[in-house]
>>> print(open('work_29.tsv').read())   # TSV, C-alpha atoms and all ligand atoms
chain	number	residue	atom	x	y	z
A	1	MET	CA	13.63	14.64	-18.03
A	2	ALA	CA	13.63	16.23	-14.59
A	3	PHE	CA	15.85	14.74	-11.87
A	4	VAL	CA	12.87	13.47	-9.86
A	5	ALA	CA	11.50	11.57	-12.89
A	6	VAL	CA	14.88	9.88	-13.39
A	7	VAL	CA	14.99	8.87	-9.70
A	8	TYR	CA	11.45	7.43	-9.83
A	9	THR	CA	12.13	5.63	-13.11
A	10	ILE	CA	15.12	3.85	-11.56
A	11	LEU	CA	13.24	3.30	-8.28
A	12	PHE	CA	10.33	1.57	-10.04
A	13	TYR	CA	12.54	-0.65	-12.16
A	14	VAL	CA	14.43	-1.74	-9.03
A	15	ALA	CA	11.18	-2.24	-7.09
A	16	ALA	CA	9.48	-4.20	-9.88
A	17	ALA	CA	12.55	-6.40	-10.41
A	18	THR	CA	12.85	-7.12	-6.67
A	19	PHE	CA	9.14	-7.89	-6.46
A	20	VAL	CA	9.11	-10.31	-9.40
A	21	ALA	CA	12.45	-11.99	-8.66
A	22	GLY	CA	11.64	-12.26	-4.93
A	23	LEU	CA	8.21	-13.72	-5.60
A	24	VAL	CA	9.51	-16.26	-8.13
A	25	TYR	CA	12.31	-17.28	-5.75
A	26	LYS	CA	9.90	-17.79	-2.85
A	27	VAL	CA	7.28	-19.64	-4.91
A	28	VAL	CA	9.93	-21.97	-6.35
A	29	ARG	CA	11.08	-22.68	-2.78
A	30	TYR	CA	7.49	-23.37	-1.73
A	31	THR	CA	7.01	-25.82	-4.60
A	32	ARG	CA	10.22	-27.66	-3.61
A	33	THR	CA	9.41	-27.86	0.10
A	34	PRO	CA	8.31	-31.42	0.83
A	35	ALA	CA	4.91	-31.99	2.39
A	36	PRO	CA	5.63	-35.54	3.54
A	37	LEU	CA	2.50	-36.16	5.59
A	38	PRO	CA	-1.20	-35.97	4.69
A	39	ILE	CA	-2.45	-33.42	7.21
A	40	PRO	CA	-5.65	-31.86	5.83
A	41	THR	CA	-7.74	-30.26	8.56
A	42	MET	CA	-10.79	-32.48	8.98
A	43	PRO	CA	-13.48	-32.67	7.79
A	44	ALA	CA	-11.70	-32.39	4.44
A	45	PRO	CA	-12.86	-32.79	0.81
A	46	LEU	CA	-12.40	-36.29	-0.65
A	47	THR	CA	-11.14	-35.22	-4.08
A	48	LYS	CA	-8.50	-32.90	-5.52
A	49	THR	CA	-11.21	-30.74	-7.07
A	50	GLY	CA	-12.87	-30.51	-3.68
A	51	ALA	CA	-9.57	-29.41	-2.14
A	52	ALA	CA	-9.12	-26.77	-4.87
A	53	VAL	CA	-12.60	-25.43	-4.10
A	54	ARG	CA	-11.70	-25.36	-0.41
A	55	VAL	CA	-8.59	-23.26	-1.13
A	56	ALA	CA	-10.70	-20.98	-3.36
A	57	ARG	CA	-13.13	-20.45	-0.45
A	58	GLU	CA	-10.18	-19.55	1.79
A	59	VAL	CA	-8.99	-16.98	-0.75
A	60	VAL	CA	-12.36	-15.45	-1.57
A	61	ILE	CA	-14.27	-15.51	1.73
A	62	PHE	CA	-11.53	-16.29	4.31
A	63	GLU	CA	-13.57	-19.30	5.43
A	64	SER	CA	-11.44	-20.66	8.27
A	65	LEU	CA	-10.85	-17.16	9.65
A	66	PHE	CA	-14.62	-16.64	9.77
A	67	ARG	CA	-14.95	-19.77	11.91
A	68	SER	CA	-12.23	-18.74	14.32
A	69	ASP	CA	-12.51	-14.98	14.76
A	70	LYS	CA	-15.50	-12.95	13.53
A	71	TRP	CA	-14.08	-9.50	14.32
A	72	LEU	CA	-10.73	-10.20	12.69
A	73	TRP	CA	-12.63	-11.62	9.71
A	74	LEU	CA	-14.72	-8.46	9.39
A	75	PHE	CA	-11.73	-6.10	9.52
A	76	ALA	CA	-9.67	-8.30	7.20
A	77	VAL	CA	-12.53	-8.44	4.67
A	78	MET	CA	-13.01	-4.67	4.83
A	79	PHE	CA	-9.37	-4.10	4.09
A	80	HIS	CA	-8.90	-6.79	1.41
A	81	LEU	CA	-12.16	-6.05	-0.41
A	82	GLY	CA	-11.31	-2.35	-0.40
A	83	LEU	CA	-7.88	-3.26	-1.76
A	84	VAL	CA	-9.34	-5.32	-4.61
A	85	LEU	CA	-11.56	-2.42	-5.71
A	86	VAL	CA	-8.72	0.07	-5.36
A	87	ILE	CA	-6.46	-2.15	-7.48
A	88	VAL	CA	-9.12	-2.54	-10.18
A	89	ARG	CA	-9.53	1.22	-10.21
A	90	HIS	CA	-5.75	1.66	-10.50
A	91	LEU	CA	-5.57	-0.51	-13.62
A	92	ARG	CA	-6.41	2.57	-15.64
A	93	TYR	CA	-2.83	3.78	-15.11
A	94	PHE	CA	-1.37	0.63	-16.63
A	95	VAL	CA	-3.85	-0.51	-19.28
A	96	SER	CA	-3.99	1.32	-22.58
A	97	SER	CA	-7.49	2.60	-23.40
A	98	HIS	CA	-7.38	0.78	-26.76
A	99	LEU	CA	-8.35	-2.47	-24.98
A	100	GLY	CA	-12.12	-2.01	-25.30
A	101	LEU	CA	-13.77	-4.53	-22.96
A	102	VAL	CA	-11.12	-4.44	-20.24
A	103	TRP	CA	-11.30	-0.68	-20.31
A	104	THR	CA	-15.11	-0.69	-19.97
A	105	LEU	CA	-14.87	-2.94	-16.89
A	106	ILE	CA	-12.23	-0.69	-15.34
A	107	ALA	CA	-14.39	2.36	-16.11
A	108	LEU	CA	-17.42	0.71	-14.44
A	109	ALA	CA	-15.42	0.16	-11.24
A	110	GLN	CA	-14.32	3.79	-10.96
A	111	PRO	CA	-17.11	5.25	-8.79
A	112	PHE	CA	-17.07	2.31	-6.32
A	113	GLY	CA	-13.29	2.15	-6.29
A	114	LYS	CA	-13.12	5.72	-5.16
A	115	TYR	CA	-14.95	5.04	-1.89
A	116	ALA	CA	-13.23	1.70	-1.38
A	117	ALA	CA	-10.35	3.81	-0.06
A	118	PHE	CA	-12.40	4.33	3.13
A	119	ALA	CA	-13.11	0.63	3.60
A	120	LEU	CA	-9.42	-0.06	3.08
A	121	MET	CA	-8.29	2.53	5.62
A	122	ALA	CA	-10.99	1.74	8.20
A	123	GLY	CA	-10.07	-1.95	7.97
A	124	LEU	CA	-6.38	-1.16	8.41
A	125	ALA	CA	-7.05	1.18	11.35
A	126	ALA	CA	-9.09	-1.53	13.08
A	127	LEU	CA	-6.40	-4.15	12.42
A	128	LEU	CA	-3.84	-1.78	13.91
A	129	ALA	CA	-5.99	-0.97	16.96
A	130	ARG	CA	-6.47	-4.69	17.52
A	131	ARG	CA	-2.70	-5.16	17.77
A	132	PHE	CA	-2.49	-2.56	20.56
A	133	MET	CA	-5.71	-3.18	22.43
A	134	LEU	CA	-5.87	-6.96	22.80
A	135	VAL	CA	-3.22	-8.02	25.30
A	136	ARG	CA	-3.07	-11.53	23.83
A	137	ILE	CA	-2.36	-10.10	20.36
A	138	ARG	CA	-0.01	-7.36	21.57
A	139	TYR	CA	2.17	-10.07	23.11
A	140	ILE	CA	2.79	-11.71	19.72
A	141	THR	CA	3.01	-8.47	17.73
A	142	GLY	CA	6.42	-7.54	16.34
A	143	PRO	CA	7.64	-4.28	14.75
A	144	SER	CA	7.08	-5.63	11.22
A	145	ASP	CA	3.36	-6.27	11.93
A	146	ILE	CA	2.91	-2.62	12.92
A	147	LEU	CA	5.16	-1.20	10.21
A	148	LEU	CA	3.34	-3.02	7.40
A	149	LEU	CA	-0.04	-1.78	8.60
A	150	LEU	CA	1.34	1.77	8.90
A	151	LEU	CA	2.89	1.53	5.42
A	152	LEU	CA	-0.42	0.44	3.89
A	153	LEU	CA	-2.28	3.15	5.84
A	154	ALA	CA	0.14	5.80	4.59
A	155	ILE	CA	-0.29	4.56	1.01
A	156	GLY	CA	-4.06	4.73	1.41
A	157	ALA	CA	-3.99	8.19	3.01
A	158	SER	CA	-1.64	9.69	0.41
A	159	GLY	CA	-3.76	8.16	-2.37
A	160	ALA	CA	-7.03	9.40	-0.89
A	161	SER	CA	-5.55	12.89	-0.44
A	162	MET	CA	-5.12	12.99	-4.24
A	163	THR	CA	-8.60	11.63	-4.94
A	164	PHE	CA	-10.48	13.80	-2.47
A	165	VAL	CA	-8.29	16.83	-1.63
A	166	SER	CA	-5.75	17.97	-4.20
A	167	HIS	CA	-5.83	16.23	-7.58
A	168	THR	CA	-2.79	15.18	-9.47
A	169	ASP	CA	-2.25	14.97	-13.23
A	170	ILE	CA	-3.71	11.49	-13.86
A	171	VAL	CA	-2.91	11.65	-17.57
A	172	GLY	CA	0.72	12.40	-16.70
A	173	VAL	CA	0.82	9.48	-14.21
A	174	LYS	CA	-0.51	7.11	-16.86
A	175	ALA	CA	1.98	8.36	-19.47
A	176	PHE	CA	4.82	7.81	-16.95
A	177	PHE	CA	3.83	4.20	-16.16
A	178	LEU	CA	3.01	3.18	-19.73
A	179	GLY	CA	6.39	4.74	-20.62
A	180	LEU	CA	8.12	2.58	-18.00
A	181	MET	CA	6.54	-0.54	-19.48
A	182	MET	CA	7.39	0.40	-23.08
A	183	PHE	CA	10.93	1.59	-22.20
A	184	SER	CA	10.06	5.03	-23.54
A	185	TRP	CA	10.63	7.19	-20.47
A	186	GLN	CA	8.30	10.08	-19.74
A	187	PRO	CA	8.27	12.93	-17.21
A	188	LEU	CA	6.45	12.47	-13.90
A	189	PRO	CA	4.05	15.10	-12.47
A	190	ALA	CA	6.02	16.32	-9.45
A	191	ASP	CA	3.50	17.03	-6.72
A	192	GLY	CA	4.07	16.07	-3.10
A	193	PRO	CA	1.25	13.60	-2.41
A	194	LEU	CA	1.93	11.70	-5.66
A	195	LEU	CA	5.66	11.44	-4.93
A	196	VAL	CA	4.95	10.24	-1.39
A	197	HIS	CA	2.32	7.74	-2.65
A	198	LEU	CA	4.65	6.32	-5.28
A	199	PHE	CA	7.69	6.16	-2.99
A	200	LEU	CA	5.69	4.17	-0.42
A	201	VAL	CA	4.30	1.87	-3.13
A	202	ALA	CA	7.86	1.17	-4.30
A	203	MET	CA	8.80	0.30	-0.70
A	204	LEU	CA	5.78	-2.03	-0.52
A	205	LEU	CA	6.85	-3.81	-3.71
A	206	ILE	CA	10.38	-4.26	-2.36
A	207	VAL	CA	9.41	-5.70	1.04
A	208	PHE	CA	6.51	-7.76	-0.34
A	209	PRO	CA	8.34	-11.05	-1.10
A	210	PHE	CA	10.29	-10.94	2.17
A	211	SER	CA	7.47	-10.13	4.58
A	212	LYS	CA	4.27	-11.76	5.77
A	213	LEU	CA	2.58	-10.20	2.74
A	214	LEU	CA	3.76	-13.39	1.08
A	215	HIS	CA	0.58	-14.99	2.49
A	216	VAL	CA	-0.76	-14.07	-0.96
A	217	ALA	CA	1.26	-16.98	-2.38
A	218	GLY	CA	1.49	-19.02	0.82
A	219	VAL	CA	-2.25	-19.61	1.11
A	220	PHE	CA	-2.09	-21.83	-2.00
A	221	PHE	CA	0.64	-24.01	-0.47
A	222	SER	CA	-0.96	-24.64	2.90
A	223	PRO	CA	-1.06	-28.47	3.26
A	224	THR	CA	-3.81	-28.42	5.84
A	225	ARG	CA	-6.08	-26.82	3.24
A	226	ASN	CA	-4.90	-28.04	-0.16
A	227	GLN	CA	-4.77	-31.79	0.53
A	228	PRO	CA	-7.76	-34.08	-0.05
A	229	ASP	CA	-8.77	-36.66	2.54
A	230	THR	CA	-7.80	-39.86	0.71
A	231	ALA	CA	-6.69	-41.86	3.74
A	232	ARG	CA	-9.12	-44.72	3.02
A	233	GLU	CA	-8.44	-44.94	-0.72
A	234	LYS	CA	-4.69	-44.64	-0.77
A	235	ARG	CA	-2.11	-45.88	1.71
A	236	HIS	CA	0.33	-43.07	2.38
A	237	ILE	CA	3.96	-43.96	2.95
A	238	ALA	CA	6.37	-41.09	3.58
A	239	ALA	CA	9.38	-41.13	1.25
A	240	TRP	CA	11.79	-41.88	4.12
A	241	ALA	CA	9.73	-44.91	5.19
A	242	LEU	CA	9.88	-46.66	1.79
A	243	PRO	CA	12.12	-49.73	1.40
A	244	LEU	CA	15.68	-48.61	0.54
A	245	ASP	CA	15.67	-49.82	-3.10
A	246	GLU	CA	12.43	-47.91	-3.79
A	247	GLN	CA	13.86	-44.79	-2.16
A	248	ARG	CA	16.89	-45.01	-4.47
A	249	SER	CA	14.76	-45.40	-7.60
A	250	LYS	CA	12.73	-42.24	-6.74
B	1	LIG	C1	-4.77	-14.07	-2.27
B	1	LIG	C2	-4.94	-12.90	-1.70
B	1	LIG	C3	-5.05	-12.69	-0.19
B	1	LIG	C4	-5.64	-13.47	0.76
B	1	LIG	C5	-6.40	-14.80	0.58
B	1	LIG	C6	-5.43	-12.83	2.04
B	1	LIG	C7	-5.89	-13.31	3.27
B	1	LIG	C8	-5.65	-12.74	4.50
B	1	LIG	C9	-6.19	-13.18	5.76
B	1	LIG	C10	-7.15	-14.37	5.93
B	1	LIG	C11	-5.68	-12.39	6.75
B	1	LIG	C12	-5.95	-12.47	8.25
B	1	LIG	C13	-4.91	-13.38	8.83
B	1	LIG	C14	-4.76	-13.41	10.31
B	1	LIG	O1	-4.29	-12.40	10.91
B	1	LIG	O2	-5.04	-14.47	10.87
B	1	LIG	C15	-4.80	-11.43	6.11
B	1	LIG	C16	-4.08	-10.47	6.77
B	1	LIG	C17	-3.39	-9.45	6.16
B	1	LIG	N1	-3.30	-9.23	4.79
B	1	LIG	FE1	-3.99	-10.44	3.32
B	1	LIG	N2	-4.70	-11.68	1.86
B	1	LIG	C18	-4.46	-11.55	0.49
B	1	LIG	C19	-3.79	-10.50	-0.12
B	1	LIG	C20	-3.19	-9.43	0.52
B	1	LIG	C21	-2.50	-8.32	-0.12
B	1	LIG	C22	-2.31	-8.17	-1.65
B	1	LIG	C23	-2.08	-7.47	0.87
B	1	LIG	C24	-1.32	-6.16	0.82
B	1	LIG	C25	-0.72	-5.63	-0.19
B	1	LIG	C26	-2.49	-8.06	2.15
B	1	LIG	C27	-2.21	-7.51	3.38
B	1	LIG	C28	-2.53	-8.09	4.59
B	1	LIG	C29	-2.08	-7.58	5.87
B	1	LIG	C30	-1.20	-6.35	6.12
B	1	LIG	C31	-2.62	-8.44	6.85
B	1	LIG	C32	-2.34	-8.43	8.35
B	1	LIG	C33	-3.29	-7.77	9.23
B	1	LIG	C34	-2.81	-8.00	10.66
B	1	LIG	O3	-2.59	-9.13	11.05
B	1	LIG	O4	-2.67	-7.04	11.41
B	1	LIG	N3	-3.17	-9.24	1.90
B	1	LIG	N4	-4.81	-11.65	4.74
B	2	LIG	C1	2.52	2.09	-9.15
B	2	LIG	C2	1.42	1.90	-8.50
B	2	LIG	C3	0.45	3.03	-8.14
B	2	LIG	C4	0.18	4.21	-8.79
B	2	LIG	C5	0.76	4.74	-10.08
B	2	LIG	C6	-0.83	4.90	-8.00
B	2	LIG	C7	-1.36	6.15	-8.31
B	2	LIG	C8	-2.44	6.74	-7.68
B	2	LIG	C9	-3.07	7.98	-8.09
B	2	LIG	C10	-2.62	8.85	-9.25
B	2	LIG	C11	-4.14	8.20	-7.25
B	2	LIG	C12	-5.10	9.38	-7.29
B	2	LIG	C13	-6.34	9.00	-8.08
B	2	LIG	C14	-7.28	10.14	-8.30
B	2	LIG	O1	-6.94	11.30	-8.08
B	2	LIG	O2	-8.43	9.86	-8.70
B	2	LIG	C15	-4.18	7.08	-6.33
B	2	LIG	C16	-5.13	6.92	-5.34
B	2	LIG	C17	-5.12	5.89	-4.42
B	2	LIG	N1	-4.19	4.87	-4.29
B	2	LIG	FE1	-2.66	4.52	-5.59
B	2	LIG	N2	-1.15	4.13	-6.90
B	2	LIG	C18	-0.40	2.97	-6.96
B	2	LIG	C19	-0.43	1.92	-6.05
B	2	LIG	C20	-1.28	1.83	-4.96
B	2	LIG	C21	-1.31	0.72	-4.02
B	2	LIG	C22	-0.40	-0.53	-4.07
B	2	LIG	C23	-2.29	1.01	-3.11
B	2	LIG	C24	-2.77	0.24	-1.89
B	2	LIG	C25	-2.07	-0.59	-1.21
B	2	LIG	C26	-2.86	2.29	-3.48
B	2	LIG	C27	-3.91	2.92	-2.81
B	2	LIG	C28	-4.55	4.06	-3.24
B	2	LIG	C29	-5.78	4.56	-2.65
B	2	LIG	C30	-6.53	3.94	-1.47
B	2	LIG	C31	-6.14	5.72	-3.38
B	2	LIG	C32	-7.40	6.60	-3.16
B	2	LIG	C33	-8.62	5.95	-3.78
B	2	LIG	C34	-8.60	5.92	-5.30
B	2	LIG	O3	-8.50	7.00	-5.93
B	2	LIG	O4	-8.67	4.83	-5.85
B	2	LIG	N3	-2.22	2.76	-4.61
B	2	LIG	N4	-3.14	6.20	-6.60
>>> encode(input="work_29.tsv", output="structure tokens")
Amino acid sequence: MAFVAVVYTILFYVAAATFVAGLVYKVVRYTRTPAPLPIPTMPAPLTKTGAAVRVAREVVIFESLFRSDKWLWLFAVMFHLGLVLVIVRHLRYFVSSHLGLVWTLIALAQPFGKYAAFALMAGLAALLARRFMLVRIRYITGPSDILLLLLLLAIGASGASMTFVSHTDIVGVKAFFLGLMMFSWQPLPADGPLLVHLFLVAMLLIVFPFSKLLHVAGVFFSPTRNQPDTAREKRHIAAWALPLDEQRSK
């Protein structure tokens, strides 16, 4: 195997391990973080199912963001929806074509997925411009906000350059990634845009659990959204306010 394939094999094992271990570590910490007070944002659903539906609306249509900032909502939806289509389209590199139905669905998404790259990049460019142009937002913007947007833009641009300008060997890419998953290592097509794309993706995987990208998991743990309004049905007593003997038995 060529030197570059060896480097990328190691890079992707390190990146995948960091991503999975980091994500598990953070999610376990989230599950152990006490949420001692009922603080759902009112008006809130009265049941747990209702609260689950509310969280689902947050995830799928960014409901509360829509209420608070229409422009940010529009740009965020452009980017995230583009990303979903791009990811579905990318599944063809990781899913073996023997899986009939899954493969058909992935194949159906191909033509749309291709143009989703533009929605993704336009959304990112607008989100970036917003951080420079609005004084109020610029004030609270740190280097990591900018760097993450630039990283995603560079991933999108290097990917689109392969789709629309100079093609890479897709069959070779798929063989390489299926090989990684089966521990049967394969060569990697060594053209510039692909190597840049994959290097940046590995960086994204590594920083993911330690950056604000963790909102992917965090949104499910937000107490203001995931708690039902049961104040009339159930008296809430915080653990530290219970009588001492009850605290000890807990
Ligand atoms: C469960 C899935 C996801 C949900 C519900 C979600 C939701 C959101 C929402 C509502 C915002 C706007 C927040 C604000 O600034 O007030 C946002 C921002 C952002 N999201 Fe996501 N997201 C998800 C997945 C992802 C993924 C997988 C990525 C990238 C790999 C991503 C990258 C970003 C970035 C970079 C921003 C920041 C834009 C900026 O503030 O300049 N998101 N997300
Ligand atoms: C290991 C993971 C990844 C691999 C192997 C990969 C590989 C590729 C390849 C081979 C292409 C060219 C497709 C073609 O010529 O038709 C491409 C395009 C693209 N990639 Fe990736 N990529 C990965 C992850 C990502 C991620 C995480 C993002 C976004 C954050 C992304 C965004 C794009 C975009 C926007 C395009 C152009 C549109 C398209 O063809 O779907 N890629 N990628």
>>> residues_near_ligand(input="work_29.tsv", ligand="ligand LIG 2 (chain B)", cutoff="6 Å", atoms="only C-alpha atoms and all ligand atoms", output="ChimeraX atom specification")
/A:86,89,113-114,117,152,155-156,159-160,162-163,167-168,170,201
>>> closest_atom_pairs(input="work_29.tsv", of="chain A", to="ligand LIG 1 (chain B)", cutoff="9 Å", atoms="only C-alpha atoms and all ligand atoms", output="JSON lines")
{"residue": "A:Val55", "atom": "CA", "partner": "B:LIG1", "partner_atom": "C5", "distance": 8.9}
{"residue": "A:Ala56", "atom": "CA", "partner": "B:LIG1", "partner_atom": "C5", "distance": 8.5}
{"residue": "A:Arg57", "atom": "CA", "partner": "B:LIG1", "partner_atom": "C5", "distance": 8.8}
{"residue": "A:Glu58", "atom": "CA", "partner": "B:LIG1", "partner_atom": "C5", "distance": 6.2}
{"residue": "A:Val59", "atom": "CA", "partner": "B:LIG1", "partner_atom": "C5", "distance": 3.6}
{"residue": "A:Val60", "atom": "CA", "partner": "B:LIG1", "partner_atom": "C5", "distance": 6.4}
{"residue": "A:Ile61", "atom": "CA", "partner": "B:LIG1", "partner_atom": "C5", "distance": 8.0}
{"residue": "A:Phe62", "atom": "CA", "partner": "B:LIG1", "partner_atom": "C10", "distance": 5.0}
{"residue": "A:Glu63", "atom": "CA", "partner": "B:LIG1", "partner_atom": "C10", "distance": 8.1}
{"residue": "A:Ser64", "atom": "CA", "partner": "B:LIG1", "partner_atom": "C10", "distance": 8.0}
{"residue": "A:Leu65", "atom": "CA", "partner": "B:LIG1", "partner_atom": "C10", "distance": 5.9}
{"residue": "A:Phe66", "atom": "CA", "partner": "B:LIG1", "partner_atom": "C10", "distance": 8.7}
{"residue": "A:Asp69", "atom": "CA", "partner": "B:LIG1", "partner_atom": "O2", "distance": 8.4}
{"residue": "A:Leu72", "atom": "CA", "partner": "B:LIG1", "partner_atom": "C12", "distance": 6.9}
{"residue": "A:Trp73", "atom": "CA", "partner": "B:LIG1", "partner_atom": "C12", "distance": 6.9}
{"residue": "A:Phe75", "atom": "CA", "partner": "B:LIG1", "partner_atom": "C33", "distance": 8.6}
{"residue": "A:Ala76", "atom": "CA", "partner": "B:LIG1", "partner_atom": "C12", "distance": 5.7}
{"residue": "A:Val77", "atom": "CA", "partner": "B:LIG1", "partner_atom": "C9", "distance": 8.0}
{"residue": "A:Phe79", "atom": "CA", "partner": "B:LIG1", "partner_atom": "C28", "distance": 7.9}
{"residue": "A:His80", "atom": "CA", "partner": "B:LIG1", "partner_atom": "N3", "distance": 6.3}
{"residue": "A:Leu83", "atom": "CA", "partner": "B:LIG1", "partner_atom": "C22", "distance": 7.4}
{"residue": "A:Val84", "atom": "CA", "partner": "B:LIG1", "partner_atom": "C22", "distance": 8.1}
{"residue": "A:Leu124", "atom": "CA", "partner": "B:LIG1", "partner_atom": "C33", "distance": 7.3}
{"residue": "A:Ala126", "atom": "CA", "partner": "B:LIG1", "partner_atom": "O4", "distance": 8.6}
{"residue": "A:Leu127", "atom": "CA", "partner": "B:LIG1", "partner_atom": "O4", "distance": 4.8}
{"residue": "A:Leu128", "atom": "CA", "partner": "B:LIG1", "partner_atom": "O4", "distance": 5.9}
{"residue": "A:Ala129", "atom": "CA", "partner": "B:LIG1", "partner_atom": "O4", "distance": 8.9}
{"residue": "A:Arg130", "atom": "CA", "partner": "B:LIG1", "partner_atom": "O4", "distance": 7.6}
{"residue": "A:Arg131", "atom": "CA", "partner": "B:LIG1", "partner_atom": "O4", "distance": 6.6}
{"residue": "A:Thr141", "atom": "CA", "partner": "B:LIG1", "partner_atom": "O4", "distance": 8.6}
{"residue": "A:Asp145", "atom": "CA", "partner": "B:LIG1", "partner_atom": "O4", "distance": 6.1}
{"residue": "A:Ile146", "atom": "CA", "partner": "B:LIG1", "partner_atom": "O4", "distance": 7.3}
{"residue": "A:Leu148", "atom": "CA", "partner": "B:LIG1", "partner_atom": "C30", "distance": 5.8}
{"residue": "A:Leu149", "atom": "CA", "partner": "B:LIG1", "partner_atom": "C30", "distance": 5.3}
{"residue": "A:Leu150", "atom": "CA", "partner": "B:LIG1", "partner_atom": "C30", "distance": 9.0}
{"residue": "A:Leu151", "atom": "CA", "partner": "B:LIG1", "partner_atom": "C30", "distance": 8.9}
{"residue": "A:Leu152", "atom": "CA", "partner": "B:LIG1", "partner_atom": "C30", "distance": 7.2}
{"residue": "A:Leu204", "atom": "CA", "partner": "B:LIG1", "partner_atom": "C25", "distance": 7.4}
{"residue": "A:Leu205", "atom": "CA", "partner": "B:LIG1", "partner_atom": "C25", "distance": 8.5}
{"residue": "A:Phe208", "atom": "CA", "partner": "B:LIG1", "partner_atom": "C25", "distance": 7.5}
{"residue": "A:Lys212", "atom": "CA", "partner": "B:LIG1", "partner_atom": "C29", "distance": 7.6}
{"residue": "A:Leu213", "atom": "CA", "partner": "B:LIG1", "partner_atom": "C27", "distance": 5.5}
{"residue": "A:Leu214", "atom": "CA", "partner": "B:LIG1", "partner_atom": "C20", "distance": 8.0}
{"residue": "A:His215", "atom": "CA", "partner": "B:LIG1", "partner_atom": "N2", "distance": 6.3}
{"residue": "A:Val216", "atom": "CA", "partner": "B:LIG1", "partner_atom": "C1", "distance": 4.2}
{"residue": "A:Ala217", "atom": "CA", "partner": "B:LIG1", "partner_atom": "C1", "distance": 6.7}
{"residue": "A:Gly218", "atom": "CA", "partner": "B:LIG1", "partner_atom": "C1", "distance": 8.6}
{"residue": "A:Val219", "atom": "CA", "partner": "B:LIG1", "partner_atom": "C5", "distance": 6.4}
{"residue": "A:Phe220", "atom": "CA", "partner": "B:LIG1", "partner_atom": "C1", "distance": 8.2}
>>> atom_distance(input="work_29.tsv", atom1="atom CA of A:Gln186", atom2="atom CA of A:Leu23")
27.7 Å
>>> closest_residue(input="work_29.tsv", among="A:Val135, A:Ala190, A:Leu244, A:Ala44", to="A:Thr230", atoms="all atoms listed in the file")
A:Ala44
>>> atom_distance(input="work_29.tsv", atom1="atom CA of A:Phe199", atom2="atom CA of A:Ala122")
22.2 Å
>>> atom_distance(input="work_29.tsv", atom1="atom CA of A:His197", atom2="atom CA of A:Arg138")
28.6 Å
>>> closest_residue(input="work_29.tsv", among="A:Thr104, A:Ser166, A:Phe94, A:Leu46", to="A:Met181", atoms="all atoms listed in the file")
A:Phe94
>>> closest_residue(input="work_29.tsv", among="A:Tyr13, A:Leu37, A:Arg29, A:Thr18", to="A:Ile237", atoms="only C-alpha atoms")
A:Leu37
>>> closest_residue(input="work_29.tsv", among="A:Phe210, A:Phe118, A:Tyr8, A:Phe3", to="A:Leu153", atoms="all atoms listed in the file")
A:Phe118
>>> closest_residue(input="work_29.tsv", among="A:Tyr93, A:Ala119, A:Ala125, A:Phe12", to="A:Gly172", atoms="all atoms listed in the file")
A:Tyr93
>>> residues_around(input="work_29.tsv", residues="A:Ile106", least_positions_apart="3", cutoff="9 Å", atoms="only C-alpha atoms", output="ChimeraX atom specification")
/A:88-92,101-103,109-110
>>> closest_residue(input="work_29.tsv", among="A:Val4, A:Val14, A:Leu81, A:Leu147", to="A:Ser211", atoms="only C-alpha atoms")
A:Leu147
